[in-house]
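**Q** Below is the file coords-v2.cif, with mmCIF, C-alpha atoms.
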data_model
loop_
_atom_site.label_atom_id
_atom_site.label_comp_id
_atom_site.auth_asym_id
_atom_site.auth_seq_id
_atom_site.Cartn_x
_atom_site.Cartn_y
_atom_site.Cartn_z
CA MET U 1 -29.16 -7.08 22.30
CA ALA U 2 -26.12 -5.18 23.52
CA LYS U 3 -24.01 -6.65 26.28
CA PRO U 4 -23.22 -4.70 29.46
CA ALA U 5 -20.40 -2.17 29.22
CA TRP U 6 -18.12 -4.13 31.55
CA GLN U 7 -18.38 -7.22 29.33
CA GLN U 8 -17.61 -5.16 26.23
CA LYS U 9 -14.56 -3.66 27.95
CA ILE U 10 -13.24 -7.12 28.82
CA ALA U 11 -13.92 -8.26 25.24
CA ARG U 12 -11.93 -5.31 23.82
CA GLU U 13 -9.00 -6.14 26.10
CA ARG U 14 -9.13 -9.81 25.11
CA ILE U 15 -9.23 -8.94 21.41
CA ALA U 16 -6.15 -6.72 21.80
CA ILE U 17 -4.32 -9.52 23.62
CA LEU U 18 -5.21 -12.04 20.90
CA PHE U 19 -3.95 -9.74 18.15
CA ASP U 20 -0.66 -9.23 20.03
CA LEU U 21 -0.29 -12.99 20.48
CA ALA U 22 -1.01 -13.57 16.79
CA GLU U 23 1.79 -11.19 15.80
CA LYS U 24 4.25 -12.83 18.21
CA GLU U 25 3.38 -16.41 17.21
CA PHE U 26 3.22 -15.87 13.45
CA ARG U 27 6.87 -16.73 12.65
CA LYS U 28 6.91 -20.08 14.46
CA HIS U 29 3.25 -21.13 14.31
CA PRO U 30 1.26 -19.39 11.54
CA GLU U 31 -1.75 -21.68 12.02
CA ARG U 32 -1.88 -20.71 15.69
CA ALA U 33 -1.78 -17.03 14.75
CA GLN U 34 -4.67 -17.64 12.35
CA ARG U 35 -6.65 -19.29 15.15
CA TYR U 36 -6.02 -16.32 17.47
CA ILE U 37 -7.46 -14.00 14.83
CA GLU U 38 -10.50 -16.25 14.39
CA LEU U 39 -11.08 -16.17 18.15
CA ALA U 40 -10.71 -12.38 18.28
CA ARG U 41 -13.29 -11.98 15.51
CA LYS U 42 -15.72 -14.35 17.25
CA ILE U 43 -15.37 -12.48 20.54
CA GLY U 44 -16.03 -9.21 18.72
CA MET U 45 -19.18 -10.59 17.13
CA ARG U 46 -20.47 -12.22 20.29
CA TYR U 47 -20.05 -9.14 22.49
CA ASN U 48 -20.94 -6.61 19.77
CA VAL U 49 -17.51 -4.94 19.87
CA ARG U 50 -16.04 -3.33 16.78
CA LEU U 51 -12.44 -3.92 15.83
CA THR U 52 -10.24 -0.84 15.48
CA LYS U 53 -9.07 0.24 12.02
CA GLU U 54 -5.57 -1.02 12.82
CA GLN U 55 -6.91 -4.42 13.80
CA LYS U 56 -9.10 -4.64 10.68
CA ARG U 57 -6.13 -3.99 8.40
CA LYS U 58 -3.95 -6.62 10.06
CA PHE U 59 -5.81 -9.69 8.79
CA CYS U 60 -7.49 -11.08 5.69
CA LYS U 61 -11.25 -11.20 6.12
CA ASN U 62 -11.51 -14.12 3.72
CA CYS U 63 -9.01 -16.61 5.21
CA ASN U 64 -8.22 -14.99 8.63
CA SER U 65 -4.46 -14.97 7.99
CA LEU U 66 -2.26 -12.22 9.37
CA LEU U 67 -1.30 -9.75 6.62
CA ILE U 68 2.44 -9.13 6.83
CA PRO U 69 3.89 -7.27 3.82
CA GLY U 70 6.32 -9.46 1.89
CA LEU U 71 5.35 -12.68 3.67
CA THR U 72 1.59 -13.11 3.42
CA SER U 73 0.63 -10.02 1.46
CA THR U 74 1.79 -7.61 -1.21
CA ILE U 75 1.13 -3.90 -1.08
CA ARG U 76 0.94 -1.59 -4.09
CA ILE U 77 0.10 2.09 -4.34
CA ASP U 78 -2.13 3.36 -7.15
CA ARG U 79 -1.43 7.09 -7.26
CA LYS U 80 -3.88 7.84 -10.05
CA ARG U 81 -6.85 6.61 -8.05
CA GLY U 82 -5.37 7.33 -4.63
CA LEU U 83 -5.56 3.72 -3.42
CA ILE U 84 -3.50 1.28 -1.43
CA ILE U 85 -3.98 -2.19 -2.89
CA ILE U 86 -3.34 -5.09 -0.52
CA LYS U 87 -3.33 -8.66 -1.86
CA CYS U 88 -3.43 -11.71 0.41
CA LEU U 89 -0.99 -14.32 -0.89
CA LYS U 90 -2.85 -17.25 0.69
CA CYS U 91 -6.29 -16.75 -0.86
CA ASN U 92 -5.52 -14.04 -3.48
CA LYS U 93 -8.16 -11.70 -2.05
CA ILE U 94 -7.59 -8.05 -3.01
CA TYR U 95 -8.40 -5.12 -0.72
CA ARG U 96 -8.48 -1.53 -1.92
CA LYS U 97 -8.18 1.19 0.70
CA GLY U 98 -8.19 4.95 0.21
CA ILE U 99 -5.03 6.85 1.03
#
Transcribe the structure of this file into C-alpha coordinates.

**A**
Amino acid sequence: MAKPAWQQKIARERIAILFDLAEKEFRKHPERAQRYIELARKIGMRYNVRLTKEQKRKFCKNCNSLLIPGLTSTIRIDRKRGLIIIKCLKCNKIYRKGI
(Lines of atoms letter the chains of each structure in order from A and count residues from 1; the text may use other names and numbers.)
(Lines give C-alpha, C1' and ligand atoms only; values in the text may rest on other atoms or scores of the structure.)
Protein backbone atom coordinates (compact mmCIF):
# COMPACT_ATOMS: atom_id res chain seq x y z
CA MET A 1 0.00 0.00 0.00
CA ALA A 2 1.30 3.44 -0.92
CA LYS A 3 2.31 5.81 1.83
CA PRO A 4 0.85 9.34 2.08
CA ALA A 5 2.40 11.95 -0.19
CA TRP A 6 3.92 13.91 2.69
CA GLN A 7 5.78 10.81 3.92
CA GLN A 8 7.08 10.11 0.42
CA LYS A 9 8.29 13.71 0.12
CA ILE A 10 10.20 13.43 3.40
CA ALA A 11 11.64 10.08 2.26
CA ARG A 12 12.89 11.63 -1.01
CA GLU A 13 14.57 14.45 0.91
CA ARG A 14 16.18 11.99 3.32
CA ILE A 15 17.45 9.83 0.46
CA ALA A 16 19.04 12.88 -1.20
CA ILE A 17 20.71 13.84 2.09
CA LEU A 18 22.07 10.31 2.58
CA PHE A 19 23.55 10.24 -0.93
CA ASP A 20 25.23 13.62 -0.34
CA LEU A 21 26.64 12.37 2.98
CA ALA A 22 27.90 9.19 1.31
CA GLU A 23 29.82 11.23 -1.27
CA LYS A 24 31.35 13.48 1.40
CA GLU A 25 32.32 10.64 3.75
CA PHE A 26 33.69 8.25 1.12
CA ARG A 27 37.34 9.38 1.26
CA LYS A 28 37.74 9.06 5.03
CA HIS A 29 35.16 6.39 5.90
CA PRO A 30 34.16 4.20 2.92
CA GLU A 31 32.26 1.75 5.14
CA ARG A 32 30.17 4.61 6.50
CA ALA A 33 29.39 5.75 2.95
CA GLN A 34 28.30 2.21 2.13
CA ARG A 35 25.99 2.21 5.16
CA TYR A 36 24.43 5.52 4.07
CA ILE A 37 23.63 4.01 0.68
CA GLU A 38 22.10 0.93 2.34
CA LEU A 39 19.91 3.19 4.48
CA ALA A 40 18.84 5.26 1.47
CA ARG A 41 17.81 2.10 -0.40
CA LYS A 42 15.86 0.80 2.60
CA ILE A 43 14.02 4.11 2.99
CA GLY A 44 13.15 4.03 -0.71
CA MET A 45 11.76 0.51 -0.44
CA ARG A 46 9.84 1.16 2.77
CA TYR A 47 8.14 4.33 1.54
CA ASN A 48 7.74 3.17 -2.08
CA VAL A 49 9.94 5.96 -3.46
CA ARG A 50 11.97 5.46 -6.61
CA LEU A 51 15.57 6.58 -6.78
CA THR A 52 16.46 9.02 -9.54
CA LYS A 53 18.60 7.85 -12.47
CA GLU A 54 21.56 9.79 -11.08
CA GLN A 55 21.20 8.10 -7.71
CA LYS A 56 20.88 4.65 -9.28
CA ARG A 57 24.12 5.09 -11.22
CA LYS A 58 26.08 6.21 -8.17
CA PHE A 59 26.20 2.86 -6.37
CA CYS A 60 26.68 -0.84 -7.00
CA LYS A 61 23.44 -2.74 -6.56
CA ASN A 62 25.32 -5.88 -5.58
CA CYS A 63 27.57 -4.61 -2.76
CA ASN A 64 26.13 -1.09 -2.09
CA SER A 65 29.50 0.62 -2.59
CA LEU A 66 29.73 4.08 -4.08
CA LEU A 67 30.90 3.92 -7.71
CA ILE A 68 33.66 6.48 -8.19
CA PRO A 69 35.56 6.13 -11.49
CA GLY A 70 39.19 5.17 -10.90
CA LEU A 71 38.71 4.32 -7.22
CA THR A 72 35.88 1.82 -6.92
CA SER A 73 34.89 1.39 -10.55
CA THR A 74 36.21 1.36 -14.09
CA ILE A 75 34.31 2.82 -17.01
CA ARG A 76 34.69 1.75 -20.64
CA ILE A 77 32.83 2.82 -23.75
CA ASP A 78 31.82 0.25 -26.36
CA ARG A 79 31.15 2.32 -29.47
CA LYS A 80 30.12 -0.62 -31.65
CA ARG A 81 27.20 -1.52 -29.40
CA GLY A 82 26.64 1.98 -28.02
CA LEU A 83 27.19 1.00 -24.39
CA ILE A 84 28.85 2.38 -21.30
CA ILE A 85 30.32 -0.52 -19.32
CA ILE A 86 30.80 0.10 -15.60
CA LYS A 87 32.65 -2.46 -13.48
CA CYS A 88 32.61 -2.41 -9.68
CA LEU A 89 36.11 -3.13 -8.39
CA LYS A 90 34.89 -4.49 -5.03
CA CYS A 91 32.58 -7.26 -6.25
CA ASN A 92 33.45 -7.33 -10.00
CA LYS A 93 29.81 -6.76 -10.99
CA ILE A 94 29.44 -5.38 -14.53
CA TYR A 95 26.73 -2.92 -15.56
CA ARG A 96 25.95 -2.09 -19.17
CA LYS A 97 24.07 1.13 -19.87
CA GLY A 98 22.98 2.55 -23.20
CA ILE A 99 24.55 5.78 -24.35

**Q** Starting from the displayed file, determine the output of the PyMOL selection byres ((chain U and resi 60) around 10) and express the residue list as a list of chain:residue names.

**A**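 The output of the PyMOL selection byres ((chain U and resi 60) around 10) on this file is U:Gln34, U:Ile37, U:Lys56, U:Arg57, U:Lys58, U:Phe59, U:Lys61, U:Asn62, U:Cys63, U:Asn64, U:Ser65, U:Leu66, U:Leu67, U:Thr72, U:Ser73, U:Ile86, U:Lys87, U:Cys88, U:Leu89, U:Lys90, U:Cys91, U:Asn92, U:Lys93, U:Ile94, U:Tyr95.
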
**Q** For those residues, write C-alpha atoms to a file as a short mmCIF file (atom, residue, chain, number, x, y, z; two decimals), in the coordinates of the input.

**A**
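Heads up, here's the output in again20.cif:
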data_model
loop_
_atom_site.label_atom_id
_atom_site.label_comp_id
_atom_site.auth_asym_id
_atom_site.auth_seq_id
_atom_site.Cartn_x
_atom_site.Cartn_y
_atom_site.Cartn_z
CA GLN U 34 -4.67 -17.64 12.35
CA ILE U 37 -7.46 -14.00 14.83
CA LYS U 56 -9.10 -4.64 10.68
CA ARG U 57 -6.13 -3.99 8.40
CA LYS U 58 -3.95 -6.62 10.06
CA PHE U 59 -5.81 -9.69 8.79
CA LYS U 61 -11.25 -11.20 6.12
CA ASN U 62 -11.51 -14.12 3.72
CA CYS U 63 -9.01 -16.61 5.21
CA ASN U 64 -8.22 -14.99 8.63
CA SER U 65 -4.46 -14.97 7.99
CA LEU U 66 -2.26 -12.22 9.37
CA LEU U 67 -1.30 -9.75 6.62
CA THR U 72 1.59 -13.11 3.42
CA SER U 73 0.63 -10.02 1.46
CA ILE U 86 -3.34 -5.09 -0.52
CA LYS U 87 -3.33 -8.66 -1.86
CA CYS U 88 -3.43 -11.71 0.41
CA LEU U 89 -0.99 -14.32 -0.89
CA LYS U 90 -2.85 -17.25 0.69
CA CYS U 91 -6.29 -16.75 -0.86
CA ASN U 92 -5.52 -14.04 -3.48
CA LYS U 93 -8.16 -11.70 -2.05
CA ILE U 94 -7.59 -8.05 -3.01
CA TYR U 95 -8.40 -5.12 -0.72
#

**Q** Using only C-alpha atoms, find all polymer residues with an atom at most 12 Å away from the point (-19.2, -10.3, 20.4); report them as a list in words.

**A**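 All residues meeting the 12 Å criterion around (-19.2, -10.3, 20.4) are Met1, Ala2, Lys3, Pro4, Gln7, Gln8, Lys9, Ile10, Ala11, Arg12, Arg14, Ile15, Leu39, Ala40, Arg41, Lys42, Ile43, Gly44, Met45, Arg46, Tyr47, Asn48, Val49, Arg50 and Leu51 of chain U.
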
**Q** For CA of Asp78 (chain U) and CA of Gly98 (chain U), quote the distance in Å rounded to one decimal.

**A**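 According to the coordinates, CA of Asp78 (chain U) and CA of Gly98 (chain U) are separated by 9.7 Å.
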
**Q** Check what the PyMOL selection byres ((chain U and resi 83) around 6) selects in the file above and give those residues as a list of chain:residue names.

**A** U:Ile77, U:Asp78, U:Arg81, U:Gly82, U:Ile84, U:Lys97, U:Gly98, U:Ile99

**Q** Please produce a file of those selected residues containing C-alpha atoms, as an mmCIF file, in the frame of the given file.

**A**
data_model
loop_
_atom_site.group_PDB
_atom_site.id
_atom_site.type_symbol
_atom_site.label_atom_id
_atom_site.label_comp_id
_atom_site.auth_asym_id
_atom_site.auth_seq_id
_atom_site.Cartn_x
_atom_site.Cartn_y
_atom_site.Cartn_z
ATOM 1 C CA ILE U 77 0.100 2.090 -4.340
ATOM 2 C CA ASP U 78 -2.130 3.360 -7.150
ATOM 3 C CA ARG U 81 -6.850 6.610 -8.050
ATOM 4 C CA GLY U 82 -5.370 7.330 -4.630
ATOM 5 C CA ILE U 84 -3.500 1.280 -1.430
ATOM 6 C CA LYS U 97 -8.180 1.190 0.700
ATOM 7 C CA GLY U 98 -8.190 4.950 0.210
ATOM 8 C CA ILE U 99 -5.030 6.850 1.030
#

**Q** CA of Ile75 (chain U) and CA of Leu18 (chain U) are how many Å apart?

**A**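 Atom-to-atom, CA of Ile75 (chain U) and CA of Leu18 (chain U) are spaced 24.3 Å apart.
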
**Q** Mind pulling up the distance from CA of Glu54 (chain U) to CA of Glu31 (chain U)?

**A**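 CA of Glu54 (chain U) lies 21.0 Å from CA of Glu31 (chain U).
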
**Q** Report, as AutoDock Vina command-line options, the centre and edge lengths in Å (one decimal) of the axis-aligned box enclosing every listed atom of region 89-97 of chain U, padded by 4 Å on each side.

**A**
--center_x -4.7 --center_y -8.0 --center_z -1.4 --size_x 15.5 --size_y 26.4 --size_z 12.2

**Q** Name the closest residue to Leu71 (chain U) among the candidates U:Arg35, U:Lys53, U:Arg27, U:Arg96; distances are taken between atoms, counting only C-alpha atoms.

**A**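 Closest to Leu71 (chain U) of all the choices is U:Arg27.
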